[in-house]
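K.L.:
Pasting final_24.cif here (mmCIF, C-alpha atoms and all ligand atoms):
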```
data_data
loop_
_atom_site.label_atom_id
_atom_site.label_comp_id
_atom_site.auth_asym_id
_atom_site.auth_seq_id
_atom_site.Cartn_x
_atom_site.Cartn_y
_atom_site.Cartn_z
CA MET Z 1 -7.95 48.32 4.80
CA SER Z 2 -11.16 46.90 3.45
CA LEU Z 3 -10.76 43.79 1.36
CA SER Z 4 -13.10 42.13 -1.09
CA ARG Z 5 -15.76 39.70 0.07
CA ARG Z 6 -14.28 37.32 -2.45
CA ILE Z 7 -11.32 36.56 -0.23
CA GLU Z 8 -13.18 36.45 3.07
CA GLY Z 9 -12.79 33.04 4.63
CA VAL Z 10 -10.06 32.02 2.21
CA GLY Z 11 -7.15 31.09 4.42
CA THR Z 12 -3.51 31.30 3.50
CA SER Z 13 -2.25 27.86 2.64
CA ILE Z 14 -1.29 25.65 5.60
CA ILE Z 15 1.14 23.93 3.25
CA LEU Z 16 2.95 27.15 2.42
CA ALA Z 17 3.13 27.99 6.14
CA MET Z 18 4.74 24.59 6.78
CA LEU Z 19 7.25 25.10 4.00
CA GLU Z 20 8.18 28.52 5.39
CA LYS Z 21 8.71 27.06 8.84
CA GLU Z 22 10.88 24.37 7.31
CA ALA Z 23 12.97 26.96 5.47
CA THR Z 24 13.40 29.05 8.65
CA LEU Z 25 14.68 26.07 10.62
CA ARG Z 26 17.07 25.22 7.84
CA GLU Z 27 18.38 28.81 7.79
CA GLN Z 28 19.10 28.44 11.50
CA GLY Z 29 21.25 25.44 10.65
CA ILE Z 30 18.76 22.92 12.10
CA GLU Z 31 18.67 19.73 10.07
CA ILE Z 32 15.15 18.83 9.02
CA ILE Z 33 14.13 15.94 6.81
CA SER Z 34 11.46 17.09 4.44
CA LEU Z 35 8.65 14.75 3.43
CA THR Z 36 6.48 17.63 2.32
CA ALA Z 37 7.33 18.17 -1.35
CA GLY Z 38 4.45 18.44 -3.79
CA GLU Z 39 6.81 18.24 -6.71
CA PRO Z 40 9.19 15.79 -8.39
CA ASP Z 41 12.75 15.82 -7.09
CA PHE Z 42 14.10 15.02 -10.58
CA PRO Z 43 15.44 17.61 -13.02
CA THR Z 44 13.46 18.60 -16.12
CA PRO Z 45 14.58 16.29 -18.99
CA ARG Z 46 17.52 17.69 -20.95
CA HIS Z 47 15.79 17.65 -24.32
CA VAL Z 48 12.97 19.73 -22.83
CA VAL Z 49 15.36 22.34 -21.50
CA ALA Z 50 17.15 22.33 -24.88
CA ALA Z 51 13.86 23.02 -26.71
CA ALA Z 52 13.25 26.10 -24.54
CA ARG Z 53 16.79 27.28 -25.24
CA VAL Z 54 16.28 26.95 -28.99
CA ALA Z 55 13.01 28.91 -28.74
CA MET Z 56 14.75 31.65 -26.78
CA ASP Z 57 17.68 31.84 -29.22
CA LYS Z 58 15.45 32.12 -32.23
CA GLY Z 59 13.57 35.03 -30.68
CA ASP Z 60 10.37 33.24 -29.74
CA THR Z 61 9.93 35.78 -26.97
CA ARG Z 62 6.86 37.81 -27.92
CA TYR Z 63 3.30 37.63 -26.57
CA PRO Z 64 1.95 34.14 -27.12
CA PRO Z 65 -1.46 33.38 -28.66
CA LEU Z 66 -4.10 33.56 -25.91
CA THR Z 67 -5.11 29.90 -25.86
CA GLY Z 68 -1.75 28.35 -26.77
CA THR Z 69 0.56 27.90 -29.75
CA ALA Z 70 -0.65 25.73 -32.63
CA ALA Z 71 2.32 23.39 -32.10
CA LEU Z 72 1.49 22.81 -28.45
CA LYS Z 73 -2.22 22.39 -29.07
CA GLN Z 74 -1.43 19.75 -31.70
CA ALA Z 75 0.86 17.99 -29.22
CA ILE Z 76 -1.91 18.03 -26.60
CA ILE Z 77 -4.44 16.66 -29.09
CA GLY Z 78 -1.96 13.87 -29.91
CA LYS Z 79 -1.46 13.13 -26.21
CA PHE Z 80 -5.19 12.70 -25.61
CA ILE Z 81 -5.47 10.34 -28.58
CA SER Z 82 -2.56 8.16 -27.51
CA ASP Z 83 -3.26 8.10 -23.76
CA TYR Z 84 -7.06 7.98 -23.66
CA GLY Z 85 -8.16 7.40 -27.27
CA LEU Z 86 -10.10 10.68 -27.04
CA GLU Z 87 -10.22 13.07 -29.99
CA PHE Z 88 -10.44 16.82 -29.39
CA GLY Z 89 -10.45 19.63 -31.96
CA LEU Z 90 -8.26 22.74 -31.71
CA ARG Z 91 -11.15 24.81 -30.31
CA SER Z 92 -11.49 22.34 -27.43
CA ILE Z 93 -8.01 23.05 -26.04
CA ILE Z 94 -6.66 25.87 -23.88
CA VAL Z 95 -3.10 26.23 -22.58
CA SER Z 96 -2.68 28.00 -19.23
CA THR Z 97 -0.09 29.04 -16.68
CA GLY Z 98 -0.16 25.72 -14.84
CA SER Z 99 -3.09 23.37 -14.50
CA LYS Z 100 -4.02 25.44 -11.45
CA GLN Z 101 -4.88 28.37 -13.67
CA ALA Z 102 -6.97 26.14 -15.94
CA ILE Z 103 -9.05 25.05 -12.91
CA TYR Z 104 -9.34 28.62 -11.69
CA ASN Z 105 -10.42 29.83 -15.16
CA ALA Z 106 -13.09 27.15 -15.24
CA PHE Z 107 -14.55 28.18 -11.87
CA MET Z 108 -14.37 31.90 -12.63
CA ALA Z 109 -16.06 31.34 -15.97
CA THR Z 110 -18.95 29.26 -14.64
CA LEU Z 111 -19.71 29.99 -10.98
CA ASP Z 112 -22.13 32.63 -9.76
CA GLN Z 113 -22.51 33.61 -6.11
CA GLY Z 114 -23.60 30.54 -4.12
CA ASP Z 115 -23.13 27.96 -6.86
CA GLU Z 116 -21.86 24.66 -5.54
CA VAL Z 117 -18.90 22.45 -6.42
CA VAL Z 118 -18.84 18.90 -5.07
CA ILE Z 119 -15.37 17.90 -3.90
CA PRO Z 120 -14.40 14.42 -2.64
CA LYS Z 121 -12.64 14.60 0.70
CA PRO Z 122 -9.69 14.39 1.45
CA TYR Z 123 -9.00 17.00 -1.22
CA TRP Z 124 -6.15 19.03 -2.63
CA THR Z 125 -6.12 22.16 -0.43
CA SER Z 126 -6.58 24.61 -3.27
CA TYR Z 127 -9.89 23.26 -4.61
CA PRO Z 128 -12.22 24.64 -1.93
CA ASP Z 129 -10.39 27.94 -1.76
CA MET Z 130 -10.44 28.37 -5.53
CA VAL Z 131 -14.19 27.72 -5.44
CA ARG Z 132 -14.58 30.33 -2.67
CA VAL Z 133 -12.53 32.92 -4.54
CA ALA Z 134 -14.93 32.41 -7.45
CA ALA Z 135 -17.85 33.11 -5.02
CA GLY Z 136 -18.92 29.45 -5.05
CA VAL Z 137 -19.53 27.04 -2.18
CA PRO Z 138 -17.54 23.80 -1.78
CA ILE Z 139 -19.64 20.76 -0.83
CA PHE Z 140 -17.67 17.79 0.44
CA VAL Z 141 -18.21 14.07 -0.02
CA GLU Z 142 -16.39 11.79 2.41
CA THR Z 143 -14.20 8.96 1.16
CA HIS Z 144 -12.49 6.48 3.48
CA VAL Z 145 -9.09 4.91 3.89
CA SER Z 146 -10.78 1.51 4.39
CA GLN Z 147 -12.37 1.79 0.92
CA ARG Z 148 -9.14 2.91 -0.68
CA PHE Z 149 -10.68 6.37 -0.98
CA GLN Z 150 -13.00 5.33 -3.81
CA LEU Z 151 -15.90 7.72 -4.37
CA ASP Z 152 -19.26 6.33 -3.30
CA ALA Z 153 -21.98 6.94 -5.90
CA ASP Z 154 -24.82 7.22 -3.35
CA LEU Z 155 -22.99 9.78 -1.24
CA LEU Z 156 -22.18 11.70 -4.40
CA ASN Z 157 -25.80 11.60 -5.47
CA HIS Z 158 -26.88 13.04 -2.10
CA ALA Z 159 -24.39 15.87 -2.33
CA ILE Z 160 -25.82 17.17 -5.61
CA SER Z 161 -28.37 20.00 -5.46
CA PRO Z 162 -30.00 22.22 -8.08
CA ARG Z 163 -27.14 24.68 -7.44
CA THR Z 164 -24.39 22.16 -8.20
CA LYS Z 165 -22.29 23.31 -11.14
CA TRP Z 166 -19.38 20.86 -10.96
CA ILE Z 167 -18.14 17.70 -9.41
CA LEU Z 168 -14.44 17.38 -9.14
CA LEU Z 169 -12.54 14.16 -9.85
CA ASN Z 170 -8.83 13.94 -9.07
CA SER Z 171 -7.35 10.55 -9.92
CA PRO Z 172 -4.63 9.71 -9.01
CA GLY Z 173 -5.46 11.94 -6.11
CA ASN Z 174 -3.58 14.36 -3.93
CA PRO Z 175 -3.28 13.64 -0.98
CA THR Z 176 -4.60 10.05 -1.12
CA GLY Z 177 -2.75 8.58 -4.12
CA ALA Z 178 -6.01 6.76 -4.92
CA ILE Z 179 -6.93 5.91 -8.50
CA TYR Z 180 -10.63 5.60 -9.25
CA ASN Z 181 -11.33 2.13 -10.60
CA GLU Z 182 -13.71 1.44 -13.44
CA GLU Z 183 -16.55 0.50 -11.13
CA THR Z 184 -16.25 3.85 -9.32
CA LEU Z 185 -16.17 5.75 -12.61
CA ARG Z 186 -19.24 3.89 -13.88
CA GLY Z 187 -21.08 4.70 -10.65
CA VAL Z 188 -20.16 8.38 -10.93
CA ALA Z 189 -21.26 8.41 -14.58
CA GLU Z 190 -24.62 6.93 -13.62
CA VAL Z 191 -25.14 9.67 -11.04
CA LEU Z 192 -24.23 12.32 -13.57
CA ARG Z 193 -26.72 10.97 -16.07
CA ARG Z 194 -29.38 11.62 -13.44
CA HIS Z 195 -28.23 15.25 -13.01
CA GLN Z 196 -27.92 16.80 -16.43
CA HIS Z 197 -27.06 20.26 -15.07
CA VAL Z 198 -23.79 19.10 -13.46
CA ARG Z 199 -20.39 19.30 -15.17
CA ILE Z 200 -17.34 17.15 -14.33
CA LEU Z 201 -13.90 18.59 -13.83
CA CYS Z 202 -11.21 15.89 -14.07
CA ASP Z 203 -7.88 16.97 -12.65
CA ASP Z 204 -5.58 14.39 -14.23
CA ILE Z 205 -2.29 16.07 -13.26
CA TYR Z 206 -0.92 12.82 -11.72
CA GLU Z 207 -2.03 10.66 -14.66
CA HIS Z 208 1.47 9.47 -15.47
CA ILE Z 209 2.42 8.60 -11.92
CA ALA Z 210 0.43 5.39 -11.61
CA PHE Z 211 1.75 2.10 -10.22
CA GLU Z 212 -0.86 -0.63 -10.39
CA GLN Z 213 -3.17 0.17 -13.24
CA PRO Z 214 -3.31 2.62 -16.12
CA VAL Z 215 -5.37 5.65 -15.21
CA ARG Z 216 -8.81 5.71 -16.81
CA ASN Z 217 -10.61 8.95 -17.45
CA ILE Z 218 -14.37 8.97 -16.92
CA LEU Z 219 -14.88 9.79 -20.61
CA GLN Z 220 -13.35 6.44 -21.54
CA VAL Z 221 -16.09 4.60 -19.67
CA ALA Z 222 -18.85 7.16 -20.35
CA PRO Z 223 -18.18 8.94 -23.67
CA ASP Z 224 -21.76 10.29 -23.58
CA LEU Z 225 -20.61 12.78 -20.91
CA GLY Z 226 -18.23 14.50 -23.37
CA ASP Z 227 -20.25 17.69 -23.62
CA ARG Z 228 -20.08 18.17 -19.83
CA CYS Z 229 -16.51 17.17 -19.07
CA LEU Z 230 -13.41 19.31 -18.68
CA ILE Z 231 -10.11 17.44 -18.47
CA VAL Z 232 -7.27 19.38 -16.87
CA ASN Z 233 -3.67 18.28 -17.05
CA GLY Z 234 -0.17 19.74 -17.34
CA VAL Z 235 3.52 19.00 -17.53
CA SER Z 236 4.44 19.85 -13.90
CA LYS Z 237 4.35 16.41 -12.32
CA ALA Z 238 4.94 14.01 -15.23
CA TYR Z 239 7.94 15.87 -16.64
CA ALA Z 240 9.35 17.49 -13.50
CA MET Z 241 8.40 20.95 -14.79
CA THR Z 242 6.66 22.60 -11.82
CA GLY Z 243 8.55 25.88 -12.28
CA TRP Z 244 7.69 26.21 -15.97
CA ARG Z 245 4.04 26.88 -15.09
CA LEU Z 246 2.40 25.09 -17.96
CA GLY Z 247 -0.95 23.35 -17.89
CA TYR Z 248 -3.83 22.76 -20.25
CA ALA Z 249 -7.47 21.77 -20.45
CA ALA Z 250 -9.72 20.04 -22.97
CA GLY Z 251 -13.48 20.40 -23.06
CA PRO Z 252 -16.51 21.74 -24.92
CA PRO Z 253 -15.54 24.73 -27.13
CA GLU Z 254 -18.06 27.13 -25.49
CA LEU Z 255 -16.56 26.43 -22.07
CA ILE Z 256 -13.00 26.73 -23.38
CA GLN Z 257 -13.95 30.06 -24.97
CA ALA Z 258 -15.34 31.32 -21.64
CA MET Z 259 -12.16 30.22 -19.86
CA ALA Z 260 -10.17 32.10 -22.51
CA VAL Z 261 -12.05 35.30 -21.60
CA ILE Z 262 -10.93 35.00 -17.97
CA GLN Z 263 -7.39 34.22 -19.07
CA SER Z 264 -7.39 37.11 -21.52
CA GLN Z 265 -8.26 39.58 -18.76
CA SER Z 266 -5.81 38.17 -16.22
CA THR Z 267 -2.57 36.53 -17.35
CA SER Z 268 -2.88 36.27 -21.18
CA GLY Z 269 -1.25 33.23 -22.77
CA ALA Z 270 1.31 31.04 -21.00
CA SER Z 271 5.04 31.74 -21.48
CA THR Z 272 6.23 31.06 -25.04
CA LEU Z 273 9.37 29.36 -23.76
CA SER Z 274 7.40 27.04 -21.52
CA GLN Z 275 5.09 26.21 -24.40
CA ALA Z 276 8.06 25.28 -26.62
CA ALA Z 277 9.41 23.14 -23.77
CA ALA Z 278 6.02 21.46 -23.31
CA VAL Z 279 5.92 20.46 -27.00
CA ALA Z 280 9.24 18.68 -26.48
CA ALA Z 281 7.98 17.07 -23.28
CA LEU Z 282 4.78 15.71 -24.82
CA THR Z 283 6.18 14.63 -28.20
CA GLY Z 284 9.81 13.74 -27.34
CA PRO Z 285 11.34 10.69 -25.65
CA GLN Z 286 9.34 9.53 -22.62
CA GLU Z 287 12.12 7.57 -20.87
CA ASP Z 288 12.67 10.10 -18.09
CA ARG Z 289 8.99 10.18 -17.24
CA ILE Z 290 8.81 6.37 -17.14
CA ALA Z 291 11.99 6.11 -15.06
CA ALA Z 292 10.64 8.68 -12.58
CA CYS Z 293 7.45 6.67 -12.20
CA GLU Z 294 9.50 3.53 -11.51
CA ALA Z 295 11.46 5.42 -8.85
CA TYR Z 296 8.23 6.58 -7.19
CA ARG Z 297 6.92 3.02 -7.21
CA ARG Z 298 10.06 1.75 -5.50
CA ARG Z 299 9.87 4.54 -2.93
CA ARG Z 300 6.19 3.86 -2.35
CA ASP Z 301 7.12 0.30 -1.44
CA LEU Z 302 9.92 1.53 0.80
CA VAL Z 303 7.56 3.88 2.65
CA ALA Z 304 4.94 1.15 2.98
CA SER Z 305 7.42 -1.37 4.39
CA HIS Z 306 8.45 1.11 7.11
CA LEU Z 307 4.94 2.30 7.92
CA LEU Z 308 3.70 -1.27 8.33
CA ARG Z 309 6.09 -1.68 11.23
CA ILE Z 310 4.82 1.37 13.12
CA HIS Z 311 2.12 0.43 15.59
CA GLY Z 312 -1.00 2.63 15.58
CA LEU Z 313 -0.71 3.97 12.03
CA ASP Z 314 -3.07 2.92 9.26
CA PHE Z 315 -2.69 3.61 5.58
CA THR Z 316 -3.49 2.23 2.19
CA PRO Z 317 -0.49 1.98 -0.16
CA PRO Z 318 -1.14 4.61 -2.83
CA ASP Z 319 -1.78 3.46 -6.41
CA GLY Z 320 -0.40 6.68 -7.84
CA ALA Z 321 0.99 10.20 -7.26
CA PHE Z 322 3.80 10.49 -4.71
CA TYR Z 323 1.97 10.86 -1.44
CA VAL Z 324 0.76 8.57 1.28
CA LEU Z 325 -1.98 9.70 3.63
CA VAL Z 326 -1.46 8.10 7.01
CA ASP Z 327 -4.26 7.65 9.53
CA CYS Z 328 -2.79 8.49 12.95
CA ARG Z 329 -6.06 8.53 14.91
CA GLU Z 330 -5.18 5.43 16.89
CA ALA Z 331 -1.65 6.56 17.66
CA LEU Z 332 -2.37 10.15 18.73
CA PRO Z 333 -4.18 9.41 22.05
CA GLU Z 334 -1.30 7.12 22.99
CA ILE Z 335 1.06 10.09 22.96
CA GLY Z 336 -1.29 12.41 24.81
CA LEU Z 337 -3.02 14.10 21.88
CA ARG Z 338 -6.61 14.11 20.75
CA LYS Z 339 -7.46 11.98 17.74
CA ASP Z 340 -7.85 15.05 15.55
CA GLU Z 341 -4.78 16.92 16.74
CA ASP Z 342 -2.66 16.31 13.68
CA PRO Z 343 -1.27 19.89 13.66
CA ALA Z 344 0.13 19.36 17.19
CA PHE Z 345 1.48 15.98 16.11
CA VAL Z 346 3.14 17.58 13.09
CA ALA Z 347 4.69 20.20 15.39
CA ARG Z 348 6.20 17.36 17.47
CA LEU Z 349 7.50 15.70 14.35
CA PHE Z 350 9.08 19.03 13.41
CA GLU Z 351 10.86 19.14 16.75
CA ALA Z 352 12.09 15.62 16.07
CA GLY Z 353 13.49 16.77 12.72
CA VAL Z 354 10.96 15.55 10.17
CA ALA Z 355 8.52 17.73 8.24
CA VAL Z 356 5.18 16.41 6.95
CA ILE Z 357 1.85 18.08 6.13
CA PRO Z 358 -1.05 17.84 8.62
CA GLY Z 359 -4.12 16.09 7.24
CA THR Z 360 -6.25 19.04 8.38
CA ALA Z 361 -4.91 20.90 5.33
CA PHE Z 362 -6.74 18.35 3.16
CA GLY Z 363 -9.88 18.07 5.24
CA ALA Z 364 -8.53 14.94 6.96
CA PRO Z 365 -7.95 15.68 10.66
CA GLY Z 366 -6.05 12.94 12.46
CA PHE Z 367 -4.02 12.15 9.32
CA ILE Z 368 -0.65 13.27 7.99
CA ARG Z 369 0.55 13.38 4.39
CA LEU Z 370 4.02 12.12 3.58
CA SER Z 371 5.57 12.85 0.20
CA PHE Z 372 8.01 10.32 -1.23
CA ALA Z 373 9.28 12.63 -3.96
CA THR Z 374 12.66 12.58 -2.26
CA ALA Z 375 15.75 10.37 -1.97
CA ASP Z 376 15.52 6.90 -0.38
CA ALA Z 377 17.90 7.81 2.43
CA GLN Z 378 15.77 10.82 3.39
CA ILE Z 379 12.63 8.70 3.37
CA GLU Z 380 14.23 6.07 5.60
CA ARG Z 381 15.61 8.56 8.09
CA GLY Z 382 12.34 10.49 8.14
CA LEU Z 383 10.34 7.37 8.88
CA VAL Z 384 12.68 6.33 11.67
CA ARG Z 385 12.00 9.73 13.27
CA LEU Z 386 8.28 9.30 12.74
CA ALA Z 387 8.40 5.88 14.43
CA THR Z 388 10.30 7.33 17.35
CA VAL Z 389 7.73 10.09 17.94
CA VAL Z 390 4.81 7.66 17.58
CA ALA Z 391 6.45 5.46 20.20
CA GLY Z 392 6.60 8.50 22.50
CA ARG Z 393 10.38 8.52 22.51
CA SER Z 394 11.13 11.81 20.74
CA ASP Z 395 13.62 12.72 23.46
CA SER Z 396 15.88 9.86 22.39
CA LEU Z 397 16.87 11.56 19.11
N1 LIG Q 1 -3.86 19.61 -9.05
C1 LIG Q 1 -3.34 18.92 -8.03
C2 LIG Q 1 -4.13 17.80 -7.45
C3 LIG Q 1 -2.09 19.25 -7.51
O1 LIG Q 1 -1.58 18.54 -6.50
C4 LIG Q 1 -1.38 20.34 -8.08
C5 LIG Q 1 -0.02 20.78 -7.58
N2 LIG Q 1 0.26 20.56 -6.27
C6 LIG Q 1 -1.97 21.03 -9.15
C7 LIG Q 1 -3.21 20.63 -9.61
C8 LIG Q 1 -1.32 22.23 -9.78
O2 LIG Q 1 -0.31 21.90 -10.66
P1 LIG Q 1 0.29 22.92 -11.70
O3 LIG Q 1 -0.40 24.23 -11.54
O4 LIG Q 1 1.74 22.99 -11.40
O5 LIG Q 1 0.02 22.32 -13.06
#
```
Represent the structure from my file as structure tokens, please.
Ligand code: PMP

P.N.:
Amino acid sequence: MSLSRRIEGVGTSIILAMLEKEATLREQGIEIISLTAGEPDFPTPRHVVAAARVAMDKGDTRYPPLTGTAALKQAIIGKFISDYGLEFGLRSIIVSTGSKQAIYNAFMATLDQGDEVVIPKPYWTSYPDMVRVAAGVPIFVETHVSQRFQLDADLLNHAISPRTKWILLNSPGNPTGAIYNEETLRGVAEVLRRHQHVRILCDDIYEHIAFEQPVRNILQVAPDLGDRCLIVNGVSKAYAMTGWRLGYAAGPPELIQAMAVIQSQSTSGASTLSQAAAVAALTGPQEDRIAACEAYRRRRDLVASHLLRIHGLDFTPPDGAFYVLVDCREALPEIGLRKDEDPAFVARLFEAGVAVIPGTAFGAPGFIRLSFATADAQIERGLVRLATVVAGRSDSL
């Protein structure tokens, strides 16, 4: 069968393959501790579920408006004012089926064949592939564990060409957990002022999972970039609502309108029930969200205390999100692997009963990503298994 050029070179997700393998082992009755989850392990808050139920009962079950209900758009506008002090009008907001769709809409609406998108590395796996599906070319900028994965302005500057359409900022970041500090954001803003043709896509999906400092959006330090910035966010991570598929974006009205065209010819508006639920999430009590963040902070410290004791692993304790990216390049040769053989290392960890994601999936060979969106006991047992494999004693399990 001949397939479109659009999907040539776009691999199936390594992460999904890992999750399938995990599920298969579990079906065979083999106990595996999972440190792979890219989603909260908490339930959706009760008042949010109740709001969806009310919407369903009162017959709010017809096609939704293309770019979102008025109630949800108002809630989103209110959220941007209270969290960032940024004011957007109704025409600057679009609601989508997950933040993923908002990003995809943006690329589909703006990229022509060969246009470039600059992506800091390590990156969330889907960014480069979404760019490729939209016929664009991902261009990577390295960031380093030793610099807490901050984005270097000079490297960014060098990565920009006349074909660059976007640079992507993801803070707190997946898989690094890094939060861009003000100095980094100012440096990025300076670079952007030199390249007027480049837009900024801020993926702020982990905004509310931040431990050390409140998350700053680049528009707070550089409001002059407002006509070039698209902020993407959603309820998946902050409100434990990954299955509701509800995200949104705020940006210049012409861009939002173009994104609406793509959405109109693909999915149409996001589910009415999820939109009603999202209004409750954004405007209702925030205790569950705050408590979840506290739990992630405690687990981050738990993970860090264990990792510190494992010889040969390097990491920087994440400032946000619920992942830690561990540098295994020193440890791998000691157990007979090459420095960049994280997939083989992950396979060994699997055999020892702990599942993690290989760094290769994020453009970080030699690393692994651990998720701490799981119970303390699982984290502790998983890390004991990790330590055992790193020490070359996997047979002792
Ligand atoms: N951005 C990042 C960085 C993510 O990690 C994820 C989910 N793994 C998403 C966006 C997509 O989130 P959703 O579509 O559920 O809003």

K.L.:
Given all atoms listed in the file as the basis, pick out the residue of Z:Ile290, Z:Val145, Z:Ala249, Z:Val188 nearest to ligand LIG 1 (chain Q).

P.N.:
Z:Ala249

K.L.:
How close does each residue of chain Z get to ligand LIG 1 (chain Q), giving the shortest atom pair and distance in Å to one decimal for every residue with an atom at most 9 Å away, counting only C-alpha atoms and all ligand atoms, sorted by chain and residue number, as a tab-separated table?

P.N.:
```
residue	atom	partner	partner_atom	distance
Z:Ala37	CA	Q:LIG1	N2	8.9
Z:Gly38	CA	Q:LIG1	N2	5.3
Z:Glu39	CA	Q:LIG1	N2	7.0
Z:Ser96	CA	Q:LIG1	O5	8.8
Z:Thr97	CA	Q:LIG1	O3	7.0
Z:Gly98	CA	Q:LIG1	O3	3.6
Z:Ser99	CA	Q:LIG1	O5	3.6
Z:Lys100	CA	Q:LIG1	O3	3.8
Z:Gln101	CA	Q:LIG1	O3	6.5
Z:Ala102	CA	Q:LIG1	O3	8.1
Z:Ile103	CA	Q:LIG1	C7	8.0
Z:Tyr123	CA	Q:LIG1	C2	7.9
Z:Trp124	CA	Q:LIG1	C2	5.4
Z:Thr125	CA	Q:LIG1	O1	8.4
Z:Ser126	CA	Q:LIG1	C1	8.1
Z:Tyr127	CA	Q:LIG1	N1	8.3
Z:Asn170	CA	Q:LIG1	C2	6.3
Z:Ser171	CA	Q:LIG1	C2	8.3
Z:Pro172	CA	Q:LIG1	C2	8.3
Z:Gly173	CA	Q:LIG1	C2	6.2
Z:Asn174	CA	Q:LIG1	C2	5.0
Z:Pro175	CA	Q:LIG1	O1	7.6
Z:Asp203	CA	Q:LIG1	N1	6.0
Z:Asp204	CA	Q:LIG1	N1	7.6
Z:Ile205	CA	Q:LIG1	N1	5.7
Z:Tyr206	CA	Q:LIG1	C2	7.3
Z:Val232	CA	Q:LIG1	C7	8.4
Z:Asn233	CA	Q:LIG1	O5	6.8
Z:Gly234	CA	Q:LIG1	O5	5.0
Z:Val235	CA	Q:LIG1	O5	6.6
Z:Ser236	CA	Q:LIG1	O4	4.8
Z:Lys237	CA	Q:LIG1	O4	7.1
Z:Met241	CA	Q:LIG1	O4	7.7
Z:Thr242	CA	Q:LIG1	O4	5.0
Z:Gly243	CA	Q:LIG1	O4	7.5
Z:Trp244	CA	Q:LIG1	O4	8.2
Z:Arg245	CA	Q:LIG1	O4	5.8
Z:Leu246	CA	Q:LIG1	O5	6.1
Z:Gly247	CA	Q:LIG1	O5	5.0
Z:Tyr248	CA	Q:LIG1	O5	8.2
Z:Ala321	CA	Q:LIG1	O1	8.8
```

K.L.:
Just write the chosen residues, C-alpha atoms, as a PDB file, in the frame of the given file.

P.N.:
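Contents of again.pdb, freshly written:
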```
ATOM      1  CA  ALA Z  37       7.330  18.170  -1.350  1.00  0.00           C
ATOM      2  CA  GLY Z  38       4.450  18.440  -3.790  1.00  0.00           C
ATOM      3  CA  GLU Z  39       6.810  18.240  -6.710  1.00  0.00           C
ATOM      4  CA  SER Z  96      -2.680  28.000 -19.230  1.00  0.00           C
ATOM      5  CA  THR Z  97      -0.090  29.040 -16.680  1.00  0.00           C
ATOM      6  CA  GLY Z  98      -0.160  25.720 -14.840  1.00  0.00           C
ATOM      7  CA  SER Z  99      -3.090  23.370 -14.500  1.00  0.00           C
ATOM      8  CA  LYS Z 100      -4.020  25.440 -11.450  1.00  0.00           C
ATOM      9  CA  GLN Z 101      -4.880  28.370 -13.670  1.00  0.00           C
ATOM     10  CA  ALA Z 102      -6.970  26.140 -15.940  1.00  0.00           C
ATOM     11  CA  ILE Z 103      -9.050  25.050 -12.910  1.00  0.00           C
ATOM     12  CA  TYR Z 123      -9.000  17.000  -1.220  1.00  0.00           C
ATOM     13  CA  TRP Z 124      -6.150  19.030  -2.630  1.00  0.00           C
ATOM     14  CA  THR Z 125      -6.120  22.160  -0.430  1.00  0.00           C
ATOM     15  CA  SER Z 126      -6.580  24.610  -3.270  1.00  0.00           C
ATOM     16  CA  TYR Z 127      -9.890  23.260  -4.610  1.00  0.00           C
ATOM     17  CA  ASN Z 170      -8.830  13.940  -9.070  1.00  0.00           C
ATOM     18  CA  SER Z 171      -7.350  10.550  -9.920  1.00  0.00           C
ATOM     19  CA  PRO Z 172      -4.630   9.710  -9.010  1.00  0.00           C
ATOM     20  CA  GLY Z 173      -5.460  11.940  -6.110  1.00  0.00           C
ATOM     21  CA  ASN Z 174      -3.580  14.360  -3.930  1.00  0.00           C
ATOM     22  CA  PRO Z 175      -3.280  13.640  -0.980  1.00  0.00           C
ATOM     23  CA  ASP Z 203      -7.880  16.970 -12.650  1.00  0.00           C
ATOM     24  CA  ASP Z 204      -5.580  14.390 -14.230  1.00  0.00           C
ATOM     25  CA  ILE Z 205      -2.290  16.070 -13.260  1.00  0.00           C
ATOM     26  CA  TYR Z 206      -0.920  12.820 -11.720  1.00  0.00           C
ATOM     27  CA  VAL Z 232      -7.270  19.380 -16.870  1.00  0.00           C
ATOM     28  CA  ASN Z 233      -3.670  18.280 -17.050  1.00  0.00           C
ATOM     29  CA  GLY Z 234      -0.170  19.740 -17.340  1.00  0.00           C
ATOM     30  CA  VAL Z 235       3.520  19.000 -17.530  1.00  0.00           C
ATOM     31  CA  SER Z 236       4.440  19.850 -13.900  1.00  0.00           C
ATOM     32  CA  LYS Z 237       4.350  16.410 -12.320  1.00  0.00           C
ATOM     33  CA  MET Z 241       8.400  20.950 -14.790  1.00  0.00           C
ATOM     34  CA  THR Z 242       6.660  22.600 -11.820  1.00  0.00           C
ATOM     35  CA  GLY Z 243       8.550  25.880 -12.280  1.00  0.00           C
ATOM     36  CA  TRP Z 244       7.690  26.210 -15.970  1.00  0.00           C
ATOM     37  CA  ARG Z 245       4.040  26.880 -15.090  1.00  0.00           C
ATOM     38  CA  LEU Z 246       2.400  25.090 -17.960  1.00  0.00           C
ATOM     39  CA  GLY Z 247      -0.950  23.350 -17.890  1.00  0.00           C
ATOM     40  CA  TYR Z 248      -3.830  22.760 -20.250  1.00  0.00           C
ATOM     41  CA  ALA Z 321       0.990  10.200  -7.260  1.00  0.00           C
TER      42      ALA Z 321
END
```

K.L.:
With the cut-off set at 12 Å and counting all atoms listed in the file, tabulate each residue of region 45-150 of chain Z with an atom at most that distance from an atom of region 182-186 of chain Z, showing the nearest atom pair and its distance in Å to one decimal, ordered by chain and increasing number, as JSON lines.

P.N.:
```
{"residue": "Z:Thr143", "atom": "CA", "partner": "Z:Thr184", "partner_atom": "CA", "distance": 11.8}
{"residue": "Z:Gln147", "atom": "CA", "partner": "Z:Thr184", "partner_atom": "CA", "distance": 11.1}
{"residue": "Z:Arg148", "atom": "CA", "partner": "Z:Thr184", "partner_atom": "CA", "distance": 11.2}
{"residue": "Z:Phe149", "atom": "CA", "partner": "Z:Thr184", "partner_atom": "CA", "distance": 10.3}
{"residue": "Z:Gln150", "atom": "CA", "partner": "Z:Thr184", "partner_atom": "CA", "distance": 6.6}
```
